[in-house]
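Undergrad: Sending over a structure as structure tokens; questions will come in a sec.
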Amino acid sequence: MTVRFQAAVLRAYEDPFTVEEVTLRTEPAPGEILVEIAGTGMCRTDLTVRRSAGRSPLPAVLGHEGAGVVVRTGGGPGTTIGVGDHVVLSFDSCGHCRNCLGAAPAYCDSFASLNLFGGREEEPPRLTDATGKALAPRWFGQSSFAAYALVPARNAVRVDPALPLELLGPLGCGFLTGAGAVLNTFGAGPGDPLAVLGAGAVGLAAVMAATAAGVPTVAVDRHPERLALAERFGAVPLHADTAGLPERIRRLTDGGARYALDTTASAPLINDALRALRPTGSLGLVARLHSALPLEPGTLDRGRSLRHICEGDAVPGLLIPRLTALWQAGRFPFDQLIRTYPLADVNEAERDCDAGRVVKPVLLPETGSR
């Protein structure tokens, strides 16, 4: 099988993406599927490759929030996804380590090698550019900044064909992470006030999930337009520069938040969040820290705890259908956070994302393989 199609290629850490014709030269192996991408979200995790100091191989096709239609399958034992199925693509995992078998695939022993560093090594290369040069494939098991993606069937979650497929990709990572932190990690309910630090895609997904679960929520951000969105989705908005921020959060949450979610990786905000917790409260971090985290004296007193949350502690095959059902019921309006761009406008989408002009860019590839 040879398929030629358009993909956004990152050739150097400081360069813009180039939209090029690439070639896929392999049939799906057992346990793999070929997906025609309808839409793929742009996540800040994609853009952190620019700061990876050579750890991610280039040139590469990025993208890890894809959704599309299965056009070919390699079959294999246990593969239930077939041609014509509509699927959302999520992160890769091995399926057989202790954590995968324990329904914690986000903590797979092979998570880094399968997701963060270009995927499995293979020879000959599957994905090449017009000159025949190999491109690093399978970023998060998919490399979906492209018209097609060859992925492990394990990554894919079948969804209702009546859903707006081109908008569903972010449910595989960004929205999954925020909603999963509330619904899975915290298991928060009406008696568990929540503080969300950072009202971007992950934070606003957490706000929407909290509102759906009846959780009283305070959302903290520096951008008035993001705070307005948080308020629309059911949170009490609070500017990050508010004097005495922890005390304000404690007043708004009747003595302190039971849970807090930080999406900012800001040390001052993390310390403020800890101080805003009630005794035995928990703070979850989802953003990657790029420097040491200094904790102020007293922030972890009285049983307060701090942990990192990966991919919302989700089993994608369970959480994604739950989120689409909430959307159909009007209780998880993630589509209101999305702006779509043609794949050819990938660099404009990145600029808008960096500048905060859009919460969640979604790239729409043009198909037409040959």
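Simple scheme: letters A, B, ... for chains in structure tokens order, numbers from 1 for residues in each chain, numbers from 1 for ligands in the order shown.
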Tell me which protein, DNA and RNA residues are within 10 Å of Leu306 in chain A, counting only C-alpha atoms, leaving out same-chain ones fewer than 4 positions away, and put them as a tab-separated table (two decimals) with N, CA and C atoms, in the first residue's frame.

TA:
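Dumped to result_8.tsv:
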chain	number	residue	atom	x	y	z
A	260	ALA	N	-8.24	21.18	43.99
A	260	ALA	CA	-7.77	22.25	43.11
A	260	ALA	C	-7.04	21.60	41.95
A	261	LEU	N	-7.16	22.21	40.80
A	261	LEU	CA	-6.49	21.73	39.59
A	261	LEU	C	-5.69	22.87	39.00
A	270	ILE	N	0.49	27.83	42.16
A	270	ILE	CA	0.45	26.52	42.81
A	270	ILE	C	0.46	26.69	44.33
A	274	LEU	N	-2.57	25.68	46.99
A	274	LEU	CA	-2.40	24.86	48.20
A	274	LEU	C	-2.95	25.58	49.42
A	281	GLY	N	-7.35	18.62	51.78
A	281	GLY	CA	-7.64	18.88	50.37
A	281	GLY	C	-6.49	18.44	49.46
A	282	SER	N	-6.80	18.30	48.18
A	282	SER	CA	-5.84	17.79	47.21
A	282	SER	C	-5.70	18.73	46.02
A	283	LEU	N	-4.45	18.92	45.60
A	283	LEU	CA	-4.15	19.71	44.41
A	283	LEU	C	-3.57	18.79	43.34
A	284	GLY	N	-4.12	18.85	42.15
A	284	GLY	CA	-3.60	18.09	41.02
A	284	GLY	C	-2.92	19.02	40.03
A	285	LEU	N	-1.77	18.60	39.52
A	285	LEU	CA	-1.03	19.35	38.50
A	285	LEU	C	-1.12	18.59	37.19
A	299	THR	N	2.32	25.15	53.21
A	299	THR	CA	1.37	24.87	52.14
A	299	THR	C	0.90	23.41	52.14
A	300	LEU	N	1.71	22.49	52.65
A	300	LEU	CA	1.30	21.09	52.69
A	300	LEU	C	0.93	20.63	54.11

Undergrad: Please list as a PyMOL selection string every residue within 10 Å of Thr48 in chain A, counting only C-alpha atoms and excluding residues in the same chain fewer than 5 positions away.

TA: chain A and resi 13+43+53+56+288

Undergrad: Tell me, as a VMD selection string, which residues lie within 7 Å of range 28-39 of chain A, counting only C-alpha atoms; anything in the same chain fewer than 3 positions away does not count.

TA: chain A and resid 66 to 76 79 146 to 153 165 to 167 169 362 to 365

Undergrad: Take the residues that were just selected and, keeping N, CA, C and O atoms, output them as a short mmCIF file (atom, residue, chain, number, x, y, z; two decimals), in the first residue's frame.

TA:
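Once everything was written out, this is part_29.cif:
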data_model
loop_
_atom_site.label_atom_id
_atom_site.label_comp_id
_atom_site.auth_asym_id
_atom_site.auth_seq_id
_atom_site.Cartn_x
_atom_site.Cartn_y
_atom_site.Cartn_z
N GLY A 66 -6.54 13.54 17.12
CA GLY A 66 -7.20 13.29 15.85
C GLY A 66 -8.54 12.58 15.99
O GLY A 66 -8.79 11.86 16.96
N ALA A 67 -9.38 12.76 14.98
CA ALA A 67 -10.63 12.02 14.86
C ALA A 67 -10.89 11.81 13.38
O ALA A 67 -10.58 12.68 12.55
N GLY A 68 -11.43 10.66 13.02
CA GLY A 68 -11.66 10.41 11.61
C GLY A 68 -12.39 9.10 11.38
O GLY A 68 -12.99 8.51 12.29
N VAL A 69 -12.31 8.64 10.13
CA VAL A 69 -13.02 7.44 9.68
C VAL A 69 -12.00 6.37 9.33
O VAL A 69 -11.02 6.63 8.62
N VAL A 70 -12.22 5.17 9.80
CA VAL A 70 -11.32 4.06 9.50
C VAL A 70 -11.51 3.65 8.04
O VAL A 70 -12.63 3.36 7.60
N VAL A 71 -10.41 3.63 7.28
CA VAL A 71 -10.49 3.27 5.87
C VAL A 71 -9.79 1.94 5.57
O VAL A 71 -9.98 1.37 4.50
N ARG A 72 -9.00 1.45 6.51
CA ARG A 72 -8.35 0.16 6.33
C ARG A 72 -7.96 -0.38 7.70
O ARG A 72 -7.66 0.39 8.61
N THR A 73 -7.96 -1.68 7.84
CA THR A 73 -7.61 -2.30 9.11
C THR A 73 -6.75 -3.52 8.88
O THR A 73 -6.91 -4.23 7.88
N GLY A 74 -5.83 -3.74 9.82
CA GLY A 74 -4.98 -4.92 9.75
C GLY A 74 -5.55 -6.10 10.49
O GLY A 74 -4.93 -7.18 10.52
N GLY A 75 -6.72 -5.93 11.10
CA GLY A 75 -7.33 -7.03 11.82
C GLY A 75 -6.50 -7.42 13.03
O GLY A 75 -5.84 -6.60 13.64
N GLY A 76 -6.50 -8.69 13.33
CA GLY A 76 -5.73 -9.19 14.46
C GLY A 76 -6.60 -9.52 15.65
O GLY A 76 -7.74 -9.04 15.76
N THR A 79 -9.18 -7.11 17.84
CA THR A 79 -9.48 -5.86 17.14
C THR A 79 -10.95 -5.85 16.74
O THR A 79 -11.39 -6.67 15.93
N ALA A 146 -2.30 15.63 9.69
CA ALA A 146 -2.19 15.02 8.36
C ALA A 146 -3.56 14.56 7.92
O ALA A 146 -4.50 14.47 8.71
N ALA A 147 -3.66 14.24 6.63
CA ALA A 147 -4.93 13.75 6.09
C ALA A 147 -5.20 12.31 6.49
O ALA A 147 -6.36 11.87 6.48
N TYR A 148 -4.14 11.56 6.81
CA TYR A 148 -4.30 10.16 7.22
C TYR A 148 -3.36 9.88 8.39
O TYR A 148 -2.30 10.50 8.51
N ALA A 149 -3.73 8.91 9.21
CA ALA A 149 -2.87 8.47 10.32
C ALA A 149 -2.98 6.97 10.45
O ALA A 149 -4.08 6.40 10.41
N LEU A 150 -1.83 6.32 10.56
CA LEU A 150 -1.76 4.89 10.81
C LEU A 150 -1.52 4.69 12.30
O LEU A 150 -0.48 5.12 12.81
N VAL A 151 -2.47 4.08 12.99
CA VAL A 151 -2.43 4.06 14.45
C VAL A 151 -2.74 2.67 14.99
O VAL A 151 -3.39 1.86 14.34
N PRO A 152 -2.28 2.39 16.21
CA PRO A 152 -2.74 1.17 16.87
C PRO A 152 -4.24 1.25 17.15
O PRO A 152 -4.75 2.30 17.59
N ALA A 153 -4.95 0.18 16.87
CA ALA A 153 -6.39 0.18 17.15
C ALA A 153 -6.66 0.44 18.62
O ALA A 153 -7.73 0.96 18.98
N LEU A 165 -17.84 14.75 13.78
CA LEU A 165 -16.55 14.06 13.89
C LEU A 165 -15.37 15.02 13.84
O LEU A 165 -14.38 14.85 14.57
N GLU A 166 -15.43 16.05 13.02
CA GLU A 166 -14.29 16.94 12.85
C GLU A 166 -13.96 17.72 14.13
O GLU A 166 -12.85 18.24 14.27
N LEU A 167 -14.90 17.77 15.08
CA LEU A 167 -14.70 18.52 16.32
C LEU A 167 -14.32 17.63 17.50
O LEU A 167 -14.00 18.15 18.58
N GLY A 169 -11.76 15.43 18.09
CA GLY A 169 -10.40 15.05 18.40
C GLY A 169 -9.90 15.49 19.76
O GLY A 169 -9.26 14.69 20.47
N VAL A 362 -8.57 23.60 15.93
CA VAL A 362 -8.73 22.29 15.31
C VAL A 362 -8.43 22.42 13.82
O VAL A 362 -9.01 23.28 13.13
N LEU A 363 -7.50 21.61 13.35
CA LEU A 363 -7.06 21.63 11.96
C LEU A 363 -7.90 20.67 11.15
O LEU A 363 -8.13 19.52 11.56
N LEU A 364 -8.33 21.12 9.97
CA LEU A 364 -9.15 20.30 9.07
C LEU A 364 -8.34 19.97 7.82
O LEU A 364 -8.15 20.83 6.96
N PRO A 365 -7.84 18.73 7.71
CA PRO A 365 -7.07 18.36 6.52
C PRO A 365 -7.97 18.25 5.30
O PRO A 365 -9.18 17.98 5.39
#

Undergrad: Report as a tab-separated table: every residue of range 252-317 of chain A with an atom at most 12 Å from range 97-121 of chain A, its closest pair of atoms, and their distance in Å to one decimal, counting only C-alpha atoms, with rows sorted by chain and ascending residue number.

TA:
residue	atom	partner	partner_atom	distance
A:His308	CA	A:Tyr107	CA	11.1
A:Ile309	CA	A:Ala106	CA	9.1
A:Cys310	CA	A:Ala106	CA	6.0
A:Glu311	CA	A:Ala106	CA	6.0
A:Gly312	CA	A:Ala106	CA	8.2
A:Asp313	CA	A:Ala106	CA	6.4
A:Ala314	CA	A:Ala106	CA	7.0
A:Val315	CA	A:Ala103	CA	6.5
A:Pro316	CA	A:Pro105	CA	8.9
A:Gly317	CA	A:Ala103	CA	10.7

Undergrad: Can you write just those residues out, C-alpha atoms, as a PDB file, in the first residue's frame?

TA:
ATOM      1  CA  HIS A 308       0.584  15.002  39.100  1.00  0.00           C
ATOM      2  CA  ILE A 309      -2.321  13.874  36.900  1.00  0.00           C
ATOM      3  CA  CYS A 310      -1.619  12.359  33.490  1.00  0.00           C
ATOM      4  CA  GLU A 311      -4.355  12.288  30.829  1.00  0.00           C
ATOM      5  CA  GLY A 312      -7.078  12.752  33.441  1.00  0.00           C
ATOM      6  CA  ASP A 313      -6.437   9.247  34.836  1.00  0.00           C
ATOM      7  CA  ALA A 314      -8.654   8.173  31.956  1.00  0.00           C
ATOM      8  CA  VAL A 315      -9.380   4.957  30.193  1.00  0.00           C
ATOM      9  CA  PRO A 316     -10.271   6.694  26.906  1.00  0.00           C
ATOM     10  CA  GLY A 317     -12.730   4.013  25.853  1.00  0.00           C
TER      11      GLY A 317
END

Undergrad: Do a neighbour search on Leu127 in chain A at 12 Å with only C-alpha atoms, toss out local chain neighbours closer than 2 positions, and write the hits as a ChimeraX atom specification.

TA: /A:2-7,9,21-27,59-61,118,122-125,129-138,142-143,146,148-150

Undergrad: How would the residues just picked look written out with C-alpha atoms as a tab-separated table (two decimals), in the first residue's frame?

TA:
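Generated output (out_23.tsv):
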chain	number	residue	atom	x	y	z
A	2	THR	CA	1.25	3.47	-0.91
A	3	VAL	CA	-0.76	6.53	0.14
A	4	ARG	CA	0.27	10.11	-0.61
A	5	PHE	CA	-1.35	12.96	1.26
A	6	GLN	CA	-0.79	16.36	2.85
A	7	ALA	CA	0.74	16.68	6.31
A	9	VAL	CA	5.84	18.76	8.97
A	21	GLU	CA	3.01	15.87	0.42
A	22	VAL	CA	4.14	12.82	2.39
A	23	THR	CA	4.04	9.13	1.57
A	24	LEU	CA	2.93	6.22	3.70
A	25	ARG	CA	4.36	2.95	2.41
A	26	THR	CA	2.89	0.11	4.43
A	27	GLU	CA	-0.29	-1.83	5.06
A	59	PRO	CA	11.60	16.20	10.94
A	60	ALA	CA	8.32	14.95	12.33
A	61	VAL	CA	4.58	14.95	11.85
A	118	GLY	CA	8.39	9.73	18.02
A	122	GLU	CA	11.09	0.80	12.67
A	123	GLU	CA	12.98	-0.11	9.52
A	124	PRO	CA	12.29	0.68	6.74
A	125	PRO	CA	10.58	4.00	7.57
A	129	ASP	CA	8.70	13.18	2.50
A	130	ALA	CA	8.85	13.89	-1.23
A	131	THR	CA	12.61	13.22	-1.30
A	132	GLY	CA	12.26	9.88	0.48
A	133	LYS	CA	13.60	11.18	3.80
A	134	ALA	CA	12.09	9.49	6.84
A	135	LEU	CA	9.70	11.48	9.03
A	136	ALA	CA	9.26	10.64	12.70
A	137	PRO	CA	5.79	9.06	12.90
A	138	ARG	CA	3.40	8.08	15.64
A	142	GLN	CA	-0.93	8.91	15.69
A	143	SER	CA	0.87	11.94	14.14
A	146	ALA	CA	-2.19	15.02	8.36
A	148	TYR	CA	-4.30	10.16	7.22
A	149	ALA	CA	-2.87	8.47	10.32
A	150	LEU	CA	-1.76	4.89	10.81

Undergrad: Which residues come within 9 Å of Tyr259 in chain A, counting only C-alpha atoms, excluding same-chain residues fewer than 2 positions away, as a PDB file with C-alpha atoms, in the first residue's frame?

TA:
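Wrote it out as out_24.pdb, contents follow:
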ATOM      1  CA  VAL A 182     -12.602  16.148  37.960  1.00  0.00           C
ATOM      2  CA  PHE A 186     -11.050  13.699  42.212  1.00  0.00           C
ATOM      3  CA  ALA A 188     -15.810  15.344  42.846  1.00  0.00           C
ATOM      4  CA  ASP A 192     -16.568  19.074  46.997  1.00  0.00           C
ATOM      5  CA  PRO A 193     -15.762  22.683  45.997  1.00  0.00           C
ATOM      6  CA  LEU A 194     -13.134  22.954  43.264  1.00  0.00           C
ATOM      7  CA  ALA A 195     -10.652  25.663  42.292  1.00  0.00           C
ATOM      8  CA  VAL A 196      -9.317  25.603  38.720  1.00  0.00           C
ATOM      9  CA  GLY A 256     -11.618  26.106  51.360  1.00  0.00           C
ATOM     10  CA  ALA A 257     -11.598  24.047  48.205  1.00  0.00           C
ATOM     11  CA  LEU A 261      -6.493  21.725  39.588  1.00  0.00           C
ATOM     12  CA  LEU A 277      -7.403  24.085  50.154  1.00  0.00           C
ATOM     13  CA  ARG A 278      -9.306  22.993  53.212  1.00  0.00           C
ATOM     14  CA  GLY A 281      -7.639  18.884  50.372  1.00  0.00           C
ATOM     15  CA  SER A 282      -5.836  17.788  47.209  1.00  0.00           C
ATOM     16  CA  LEU A 283      -4.146  19.709  44.406  1.00  0.00           C
ATOM     17  CA  GLY A 284      -3.601  18.094  41.018  1.00  0.00           C
TER      18      GLY A 284
END
